[in-house]
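Participant: This is the content of final06.cif (mmCIF, C-alpha atoms):
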data_model
loop_
_atom_site.label_atom_id
_atom_site.label_comp_id
_atom_site.auth_asym_id
_atom_site.auth_seq_id
_atom_site.Cartn_x
_atom_site.Cartn_y
_atom_site.Cartn_z
CA MET U 355 -221.70 -328.89 -35.83
CA PHE U 356 -220.85 -327.15 -32.57
CA ASP U 357 -217.69 -325.52 -33.94
CA SER U 358 -219.38 -323.92 -36.94
CA GLU U 359 -219.09 -320.45 -35.40
CA ILE U 360 -215.68 -319.31 -34.14
CA TYR U 361 -215.55 -317.13 -31.04
CA SER U 362 -212.70 -315.06 -32.39
CA SER U 363 -215.34 -313.57 -34.74
CA GLY U 364 -216.48 -311.37 -31.87
CA ARG U 365 -218.96 -313.49 -29.97
CA PHE U 366 -218.39 -314.12 -26.28
CA TRP U 367 -218.73 -317.78 -25.38
CA GLU U 368 -219.80 -317.06 -21.81
CA VAL U 369 -222.75 -314.96 -23.03
CA ASP U 370 -223.82 -317.74 -25.39
CA PHE U 371 -223.35 -320.24 -22.57
CA VAL U 372 -225.72 -318.41 -20.20
CA ARG U 373 -228.18 -317.81 -23.04
CA GLY U 374 -227.95 -321.52 -23.90
CA ILE U 375 -228.74 -322.50 -20.33
CA GLY U 376 -231.70 -320.12 -20.46
CA ILE U 377 -233.18 -321.58 -23.64
CA LEU U 378 -232.69 -325.18 -22.51
CA MET U 379 -234.40 -324.38 -19.21
CA MET U 380 -237.18 -322.68 -21.17
CA VAL U 381 -237.76 -325.83 -23.23
CA ILE U 382 -238.09 -327.84 -20.01
CA SER U 383 -240.33 -325.23 -18.38
CA ASN U 384 -242.61 -324.97 -21.42
CA PHE U 385 -242.89 -328.76 -21.63
CA VAL U 386 -244.09 -328.82 -18.03
CA THR U 387 -246.57 -326.04 -18.91
CA ASP U 388 -247.82 -328.20 -21.80
CA LEU U 389 -248.34 -331.10 -19.42
CA GLN U 390 -250.20 -328.84 -17.00
CA TYR U 391 -252.36 -327.25 -19.69
CA PHE U 392 -253.18 -330.31 -21.79
CA LEU U 393 -252.95 -333.19 -19.31
CA ASP U 394 -253.66 -331.58 -15.91
CA TYR U 395 -250.22 -332.40 -14.52
CA SER U 396 -250.13 -330.93 -11.01
CA GLU U 397 -247.07 -332.35 -9.26
CA HIS U 398 -244.45 -330.11 -7.60
CA GLN U 399 -246.27 -326.91 -8.54
CA MET U 400 -244.18 -324.60 -6.37
CA PHE U 401 -240.91 -326.02 -7.74
CA TRP U 402 -242.01 -325.57 -11.36
CA LYS U 403 -243.27 -322.07 -10.66
CA VAL U 404 -239.89 -321.07 -9.21
CA PHE U 405 -238.15 -322.84 -12.08
CA ALA U 406 -240.23 -320.88 -14.62
CA TYR U 407 -239.46 -317.50 -13.02
CA THR U 408 -235.78 -318.36 -12.73
CA THR U 409 -235.70 -319.39 -16.38
CA ALA U 410 -237.44 -316.21 -17.51
CA SER U 411 -235.14 -314.04 -15.40
CA ILE U 412 -231.99 -315.64 -16.84
CA PHE U 413 -233.27 -315.26 -20.39
CA VAL U 414 -234.38 -311.63 -20.07
CA PHE U 415 -231.27 -310.64 -18.10
CA ILE U 416 -228.88 -312.08 -20.68
CA SER U 417 -230.93 -310.44 -23.44
CA GLY U 418 -230.36 -307.06 -21.78
CA LEU U 419 -226.65 -307.77 -21.42
CA SER U 420 -226.47 -308.85 -25.08
CA PHE U 421 -228.24 -305.66 -26.13
CA TRP U 422 -225.58 -303.65 -24.33
CA ILE U 423 -222.78 -305.43 -26.20
CA SER U 424 -224.55 -305.20 -29.55
CA TYR U 425 -225.51 -301.53 -29.22
CA SER U 426 -222.06 -300.56 -27.95
CA ARG U 427 -220.52 -302.04 -31.08
CA SER U 428 -223.16 -300.61 -33.39
CA ILE U 429 -222.71 -296.99 -32.32
CA LYS U 430 -218.98 -297.23 -33.06
CA LYS U 431 -219.88 -297.72 -36.72
CA ASN U 432 -223.03 -295.60 -36.79
CA PRO U 433 -223.90 -293.09 -34.03
CA ARG U 434 -227.59 -293.67 -34.79
CA PRO U 435 -228.04 -297.37 -35.60
CA TYR U 436 -231.81 -297.17 -35.21
CA LYS U 437 -232.61 -298.94 -38.48
CA LYS U 438 -230.95 -302.14 -37.22
CA TYR U 439 -233.04 -302.16 -34.06
CA LEU U 440 -236.24 -301.27 -35.89
CA LYS U 441 -235.63 -304.37 -38.01
CA ARG U 442 -235.01 -306.41 -34.87
CA PHE U 443 -238.25 -305.11 -33.36
CA ALA U 444 -240.20 -305.94 -36.52
CA LYS U 445 -238.75 -309.46 -36.65
CA LEU U 446 -239.36 -310.34 -33.01
CA PHE U 447 -242.71 -308.59 -32.63
CA GLY U 448 -243.86 -310.01 -35.96
CA LEU U 449 -243.06 -313.53 -34.78
CA GLY U 450 -244.88 -312.71 -31.56
CA ILE U 451 -247.98 -311.72 -33.53
CA LEU U 452 -247.84 -315.05 -35.38
CA ILE U 453 -247.76 -316.80 -32.01
CA THR U 454 -250.75 -314.72 -30.88
CA ILE U 455 -252.73 -315.75 -33.97
CA THR U 456 -251.70 -319.40 -33.66
CA THR U 457 -252.63 -319.69 -29.99
CA LYS U 458 -255.90 -317.81 -30.58
CA VAL U 459 -256.90 -320.26 -33.33
CA LEU U 460 -255.62 -323.53 -31.87
CA LEU U 461 -256.12 -323.17 -28.11
CA SER U 462 -259.42 -323.00 -26.26
CA SER U 463 -257.92 -320.54 -23.73
CA GLY U 464 -254.62 -318.94 -22.76
CA THR U 465 -253.96 -316.92 -25.93
CA ILE U 466 -250.47 -315.38 -25.84
CA TYR U 467 -251.02 -311.66 -26.37
CA PHE U 468 -247.71 -310.32 -25.06
CA GLY U 469 -245.21 -313.12 -24.60
CA ILE U 470 -241.44 -313.25 -24.57
CA LEU U 471 -241.00 -312.40 -28.27
CA HIS U 472 -243.38 -309.43 -28.11
CA PHE U 473 -241.49 -308.20 -25.06
CA LEU U 474 -237.99 -308.64 -26.51
CA GLY U 475 -239.07 -306.78 -29.64
CA VAL U 476 -240.37 -303.83 -27.64
CA ALA U 477 -237.40 -303.93 -25.24
CA SER U 478 -234.92 -303.66 -28.13
CA LEU U 479 -236.38 -300.22 -28.91
CA LEU U 480 -237.22 -299.15 -25.37
CA ALA U 481 -233.64 -299.84 -24.26
CA ILE U 482 -232.06 -297.36 -26.69
CA PRO U 483 -232.68 -294.17 -24.65
CA PHE U 484 -231.53 -295.98 -21.49
CA TYR U 485 -228.16 -296.92 -22.98
CA ARG U 486 -226.63 -293.56 -22.00
CA PHE U 487 -227.20 -294.24 -18.29
CA LYS U 488 -224.75 -297.17 -18.19
CA GLU U 489 -224.42 -298.57 -14.66
CA LYS U 490 -227.07 -296.10 -13.41
CA ASN U 491 -229.63 -298.31 -15.14
CA ILE U 492 -229.71 -300.30 -11.92
CA PHE U 493 -231.94 -297.59 -10.46
CA PHE U 494 -234.33 -297.69 -13.42
CA GLY U 495 -234.30 -301.47 -13.23
CA VAL U 496 -235.39 -301.36 -9.60
CA PHE U 497 -238.08 -298.82 -10.55
CA PHE U 498 -239.65 -301.20 -13.08
CA LEU U 499 -239.36 -304.14 -10.70
CA LEU U 500 -240.98 -302.35 -7.77
CA GLY U 501 -243.43 -300.52 -10.01
CA SER U 502 -244.94 -303.85 -10.97
CA LEU U 503 -246.19 -304.23 -7.40
CA ILE U 504 -248.52 -301.31 -8.09
CA VAL U 505 -249.22 -301.83 -11.79
CA SER U 506 -250.15 -305.50 -11.38
CA ARG U 507 -252.93 -304.56 -8.95
CA ILE U 508 -254.71 -302.40 -11.52
CA THR U 509 -257.39 -304.06 -13.64
CA VAL U 510 -259.26 -302.74 -16.68
CA ASN U 511 -261.78 -304.27 -19.08
CA SER U 512 -259.37 -304.07 -22.00
CA LEU U 513 -256.35 -305.85 -23.45
CA PHE U 514 -254.67 -302.69 -24.73
CA LEU U 515 -252.67 -302.12 -21.53
CA LEU U 516 -251.29 -305.66 -21.38
CA PRO U 517 -247.80 -304.57 -22.52
CA ILE U 518 -247.51 -302.38 -19.42
CA GLY U 519 -248.73 -305.03 -17.01
CA ILE U 520 -252.36 -303.96 -16.53
CA THR U 521 -254.75 -306.82 -17.20
CA PRO U 522 -258.46 -307.56 -17.09
CA SER U 523 -259.66 -309.38 -13.99
CA LYS U 524 -259.24 -313.17 -14.17
CA PHE U 525 -256.89 -312.78 -17.13
CA PHE U 526 -255.26 -316.05 -18.22
CA THR U 527 -252.45 -316.54 -20.71
CA LEU U 528 -249.78 -319.17 -21.22
CA ASP U 529 -246.94 -316.67 -21.66
CA TYR U 530 -246.84 -313.09 -20.37
CA PHE U 531 -243.89 -310.69 -20.15
CA PRO U 532 -245.14 -307.18 -19.40
CA ILE U 533 -242.80 -304.18 -19.27
CA PHE U 534 -243.44 -303.99 -15.51
CA PRO U 535 -241.46 -305.87 -14.16
CA TRP U 536 -239.54 -307.55 -17.00
CA PHE U 537 -237.96 -304.45 -18.47
CA GLY U 538 -236.42 -303.99 -15.03
CA VAL U 539 -234.66 -307.35 -15.41
CA TYR U 540 -233.56 -306.33 -18.92
CA LEU U 541 -232.08 -303.10 -17.54
CA LEU U 542 -230.21 -305.02 -14.86
CA GLY U 543 -228.66 -307.04 -17.69
CA MET U 544 -227.63 -303.78 -19.37
CA THR U 545 -226.17 -302.58 -16.06
CA ILE U 546 -223.96 -305.64 -15.72
CA GLY U 547 -223.10 -305.36 -19.41
CA SER U 548 -221.83 -301.82 -18.90
CA LEU U 549 -219.57 -303.03 -16.08
CA LEU U 550 -218.23 -306.24 -17.63
CA TYR U 551 -218.28 -305.26 -21.33
CA PRO U 552 -217.61 -301.52 -21.59
CA ASP U 553 -217.77 -300.42 -25.24
CA GLY U 554 -218.86 -303.97 -26.08
CA MET U 555 -215.51 -305.52 -25.13
CA ARG U 556 -214.57 -307.85 -22.27
CA ARG U 557 -212.79 -306.49 -19.21
CA ILE U 558 -211.36 -309.93 -18.44
CA ASN U 559 -210.35 -312.58 -20.95
CA LEU U 560 -212.04 -315.96 -20.52
CA ASN U 561 -210.71 -318.96 -22.40
CA PHE U 562 -213.31 -321.13 -24.12
CA PRO U 563 -213.39 -324.58 -22.45
CA LYS U 564 -213.60 -326.90 -25.45
CA ILE U 565 -215.55 -329.72 -23.85
CA LEU U 566 -218.67 -331.20 -25.44
CA PRO U 567 -221.34 -330.11 -22.90
CA VAL U 568 -220.09 -326.51 -23.00
CA LYS U 569 -219.91 -326.58 -26.80
CA PHE U 570 -223.48 -327.88 -27.00
CA ILE U 571 -224.86 -325.28 -24.59
CA CYS U 572 -223.03 -322.49 -26.43
CA TRP U 573 -224.40 -323.81 -29.73
CA ALA U 574 -227.91 -323.64 -28.26
CA GLY U 575 -227.16 -320.12 -27.07
CA ARG U 576 -226.27 -319.07 -30.61
CA HIS U 577 -229.57 -320.41 -31.96
CA THR U 578 -232.08 -319.43 -29.28
CA LEU U 579 -234.65 -317.91 -31.63
CA LYS U 580 -234.74 -320.97 -33.88
CA ILE U 581 -235.00 -323.29 -30.88
CA TYR U 582 -237.76 -321.17 -29.37
CA ILE U 583 -239.80 -321.16 -32.58
CA ILE U 584 -239.62 -324.91 -33.21
CA HIS U 585 -239.63 -326.38 -29.71
CA GLN U 586 -243.35 -326.06 -28.97
CA PRO U 587 -244.56 -327.63 -32.23
CA ILE U 588 -242.16 -330.51 -31.54
CA LEU U 589 -243.26 -330.93 -27.91
CA VAL U 590 -246.97 -330.73 -28.70
CA GLY U 591 -246.43 -333.04 -31.67
CA LEU U 592 -244.83 -335.62 -29.39
CA LEU U 593 -247.78 -335.43 -27.00
CA LEU U 594 -250.16 -335.89 -29.93
CA LEU U 595 -248.23 -338.95 -31.06
CA ILE U 596 -248.45 -340.45 -27.58
CA TYR U 597 -252.06 -339.52 -26.69
CA GLY U 598 -253.71 -339.15 -30.12
CA SER U 599 -255.58 -335.98 -29.13
CA LEU U 600 -255.23 -333.30 -26.49
CA PRO U 601 -257.85 -331.39 -24.50
CA ASN U 602 -257.90 -327.62 -25.17
CA LEU U 603 -256.29 -328.11 -28.61
CA SER U 604 -258.29 -327.55 -31.79
CA LEU U 605 -256.88 -329.29 -34.86
#
Mind turning this structure into structure tokens?

Facilitator:
Amino acid sequence: MFDSEIYSSGRFWEVDFVRGIGILMMVISNFVTDLQYFLDYSEHQMFWKVFAYTTASIFVFISGLSFWISYSRSIKKNPRPYKKYLKRFAKLFGLGILITITTKVLLSSGTIYFGILHFLGVASLLAIPFYRFKEKNIFFGVFFLLGSLIVSRITVNSLFLLPIGITPSKFFTLDYFPIFPWFGVYLLGMTIGSLLYPDGMRRINLNFPKILPVKFICWAGRHTLKIYIIHQPILVGLLLLIYGSLPNLSL
């Protein structure tokens, strides 16, 4: 099961390992969010808030680093590999729209209008013109991070500016990844990618430690999208089995 993909094929185990840690942390974080939303769980709020931001930062950062590796390899074969990334955008953003529709229909509040999949879809296109800046992307990354301090204070009576980070007053959603600040984290991942994986290749060779926990985490890192799509139906389904019905859920 865990050895079905061989790392000599071009994947880097350490990237999958960090991505795997990110997705496993995300499952835990989202389960806690489910408990808070459906069952009013309120213990250790500060810890879980820090945990959630740490999880999101790891996941977005490694996505930016992975984009660097992928795009570096793609332009060797095709100087303008835009079709590939348009397809990636359509896939991720399309799945994000399905999540928007699902949460709008099934939840009494907290509709996900611009969550992690919406963001990653947009970022996969937005990152293309920034690729040329290599390690200088650290400055753009800081710009988006600091810019959020200003953007997040602006409110409008519309949802159309949500992707940027401008929300209506008292806006509530269960998952929100606006360009300010999260594209800054993505660009920091690209920055590190340009330093550690120039031209999409490792600077330093790292041997794959073939021990079960590492294999499992790397396996999870190779299947993050599938895990992300199925984990919430499974978690909510388990809560339904235990409690029979859940507040804020329309079925």

Participant: Between atom CA of Phe525 of chain U and atom CA of Val505 of chain U, what is the distance in Å, rounded to a tenth?

Facilitator: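 Computed distance, atom CA of Phe525 of chain U to atom CA of Val505 of chain U, equals 14.4 Å.
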
Participant: I'd like to see the residues matched by the PyMOL selection byres ((chain U and resi 465-473) around 9) on this file, and ideally I'd get them as a ChimeraX atom specification.

Facilitator: /U:410,414,443,446-451,453-459,461-464,474-478,513,516-517,526-533,536-537

Participant: Taking 3 positions as the minimum chain separation for residues in the same chain, which residues sit within 10 Å of segment 543-546 of chain U when counting only C-alpha atoms? Answer as a ChimeraX atom specification.

Facilitator: /U:411-423,481,484-485,487-495,537-540,549-552

Participant: Take the residues from that selection and write them out as a compact mmCIF listing (two decimals), in the coordinates of the input, keeping C-alpha atoms.

Facilitator:
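The resulting file, selection01.txt, is reproduced below:
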# COMPACT_ATOMS: atom_id res chain seq x y z
CA SER U 411 -235.14 -314.04 -15.40
CA ILE U 412 -231.99 -315.64 -16.84
CA PHE U 413 -233.27 -315.26 -20.39
CA VAL U 414 -234.38 -311.63 -20.07
CA PHE U 415 -231.27 -310.64 -18.10
CA ILE U 416 -228.88 -312.08 -20.68
CA SER U 417 -230.93 -310.44 -23.44
CA GLY U 418 -230.36 -307.06 -21.78
CA LEU U 419 -226.65 -307.77 -21.42
CA SER U 420 -226.47 -308.85 -25.08
CA PHE U 421 -228.24 -305.66 -26.13
CA TRP U 422 -225.58 -303.65 -24.33
CA ILE U 423 -222.78 -305.43 -26.20
CA ALA U 481 -233.64 -299.84 -24.26
CA PHE U 484 -231.53 -295.98 -21.49
CA TYR U 485 -228.16 -296.92 -22.98
CA PHE U 487 -227.20 -294.24 -18.29
CA LYS U 488 -224.75 -297.17 -18.19
CA GLU U 489 -224.42 -298.57 -14.66
CA LYS U 490 -227.07 -296.10 -13.41
CA ASN U 491 -229.63 -298.31 -15.14
CA ILE U 492 -229.71 -300.30 -11.92
CA PHE U 493 -231.94 -297.59 -10.46
CA PHE U 494 -234.33 -297.69 -13.42
CA GLY U 495 -234.30 -301.47 -13.23
CA PHE U 537 -237.96 -304.45 -18.47
CA GLY U 538 -236.42 -303.99 -15.03
CA VAL U 539 -234.66 -307.35 -15.41
CA TYR U 540 -233.56 -306.33 -18.92
CA LEU U 549 -219.57 -303.03 -16.08
CA LEU U 550 -218.23 -306.24 -17.63
CA TYR U 551 -218.28 -305.26 -21.33
CA PRO U 552 -217.61 -301.52 -21.59

Participant: Would you list the contacts of segment 372-387 of chain U as a PDB file with C-alpha atoms, in the frame of the given file, taking every protein, DNA or RNA residue within 7 Å and counting only C-alpha atoms, but skipping same-chain residues closer than 2 positions in sequence?

Facilitator:
ATOM      1  CA  GLU U 368    -219.800-317.060 -21.810  1.00  0.00           C
ATOM      2  CA  VAL U 369    -222.750-314.960 -23.030  1.00  0.00           C
ATOM      3  CA  ASP U 370    -223.820-317.740 -25.390  1.00  0.00           C
ATOM      4  CA  LEU U 389    -248.340-331.100 -19.420  1.00  0.00           C
ATOM      5  CA  GLN U 390    -250.200-328.840 -17.000  1.00  0.00           C
ATOM      6  CA  TYR U 391    -252.360-327.250 -19.690  1.00  0.00           C
ATOM      7  CA  ALA U 406    -240.230-320.880 -14.620  1.00  0.00           C
ATOM      8  CA  THR U 409    -235.700-319.390 -16.380  1.00  0.00           C
ATOM      9  CA  ILE U 412    -231.990-315.640 -16.840  1.00  0.00           C
ATOM     10  CA  PHE U 413    -233.270-315.260 -20.390  1.00  0.00           C
ATOM     11  CA  ILE U 416    -228.880-312.080 -20.680  1.00  0.00           C
ATOM     12  CA  ILE U 571    -224.860-325.280 -24.590  1.00  0.00           C
ATOM     13  CA  CYS U 572    -223.030-322.490 -26.430  1.00  0.00           C
ATOM     14  CA  ALA U 574    -227.910-323.640 -28.260  1.00  0.00           C
ATOM     15  CA  GLY U 575    -227.160-320.120 -27.070  1.00  0.00           C
ATOM     16  CA  THR U 578    -232.080-319.430 -29.280  1.00  0.00           C
ATOM     17  CA  HIS U 585    -239.630-326.380 -29.710  1.00  0.00           C
ATOM     18  CA  LEU U 589    -243.260-330.930 -27.910  1.00  0.00           C
TER      19      LEU U 589
END

Participant: Between atom CA of Pro522 of chain U and atom CA of Thr509 of chain U, what distance in Å does the model show, to one decimal?

Facilitator: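 About the pair atom CA of Pro522 of chain U and atom CA of Thr509 of chain U: they are 5.0 Å apart.
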
Participant: Rounded to one decimal in Å, what is the spacing between atom CA of Ile581 of chain U and atom CA of Asp388 of chain U?

Facilitator: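 Value for the atom CA of Ile581 of chain U-atom CA of Asp388 of chain U distance: 16.5 Å.
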
Participant: What's around Lys438 of chain U at 12 Å? Count all atoms listed in the file, leave out sequence neighbours fewer than 3 positions away in its own chain, and write the answer as number ranges by chain.

Facilitator: U: 421, 424-425, 428-429, 431-435, 441-445, 478-479, 482

Participant: Please list as a list in words every residue within 6 Å of Leu603 of chain U, counting all atoms listed in the file and excluding residues in the same chain fewer than 2 positions away.

Facilitator: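 Counting all atoms listed in the file, the residues come to Leu460, Leu461, Leu600 and Pro601 of chain U.
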
Participant: Identify which of the residues U:Gly364, U:His577, U:Phe401, U:Leu480 lies closest to Tyr439 of chain U, counting all atoms listed in the file when measuring atom-to-atom distances.

Facilitator: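 Looking at the shortest contact to Tyr439 of chain U, the residue is U:Leu480.
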
Participant: Hey, could you pull the box centre and edge lengths for segment 500-515 of chain U, axis-aligned, 4 Å padding per side, all listed atoms, to one decimal in Å, as lines of an AutoDock Vina configuration file?

Facilitator:
center_x = -251.4
center_y = -303.2
center_z = -16.1
size_x = 28.8
size_y = 13.3
size_z = 25.3

Participant: Identify, on the basis of only C-alpha atoms, every residue whose closest approach to Pro535 of chain U does not exceed 8 Å; exclude the query and any residue fewer than 5 positions from it along the same chain; express the result as a PyMOL selection string.

Facilitator: chain U and resi 498-502+519
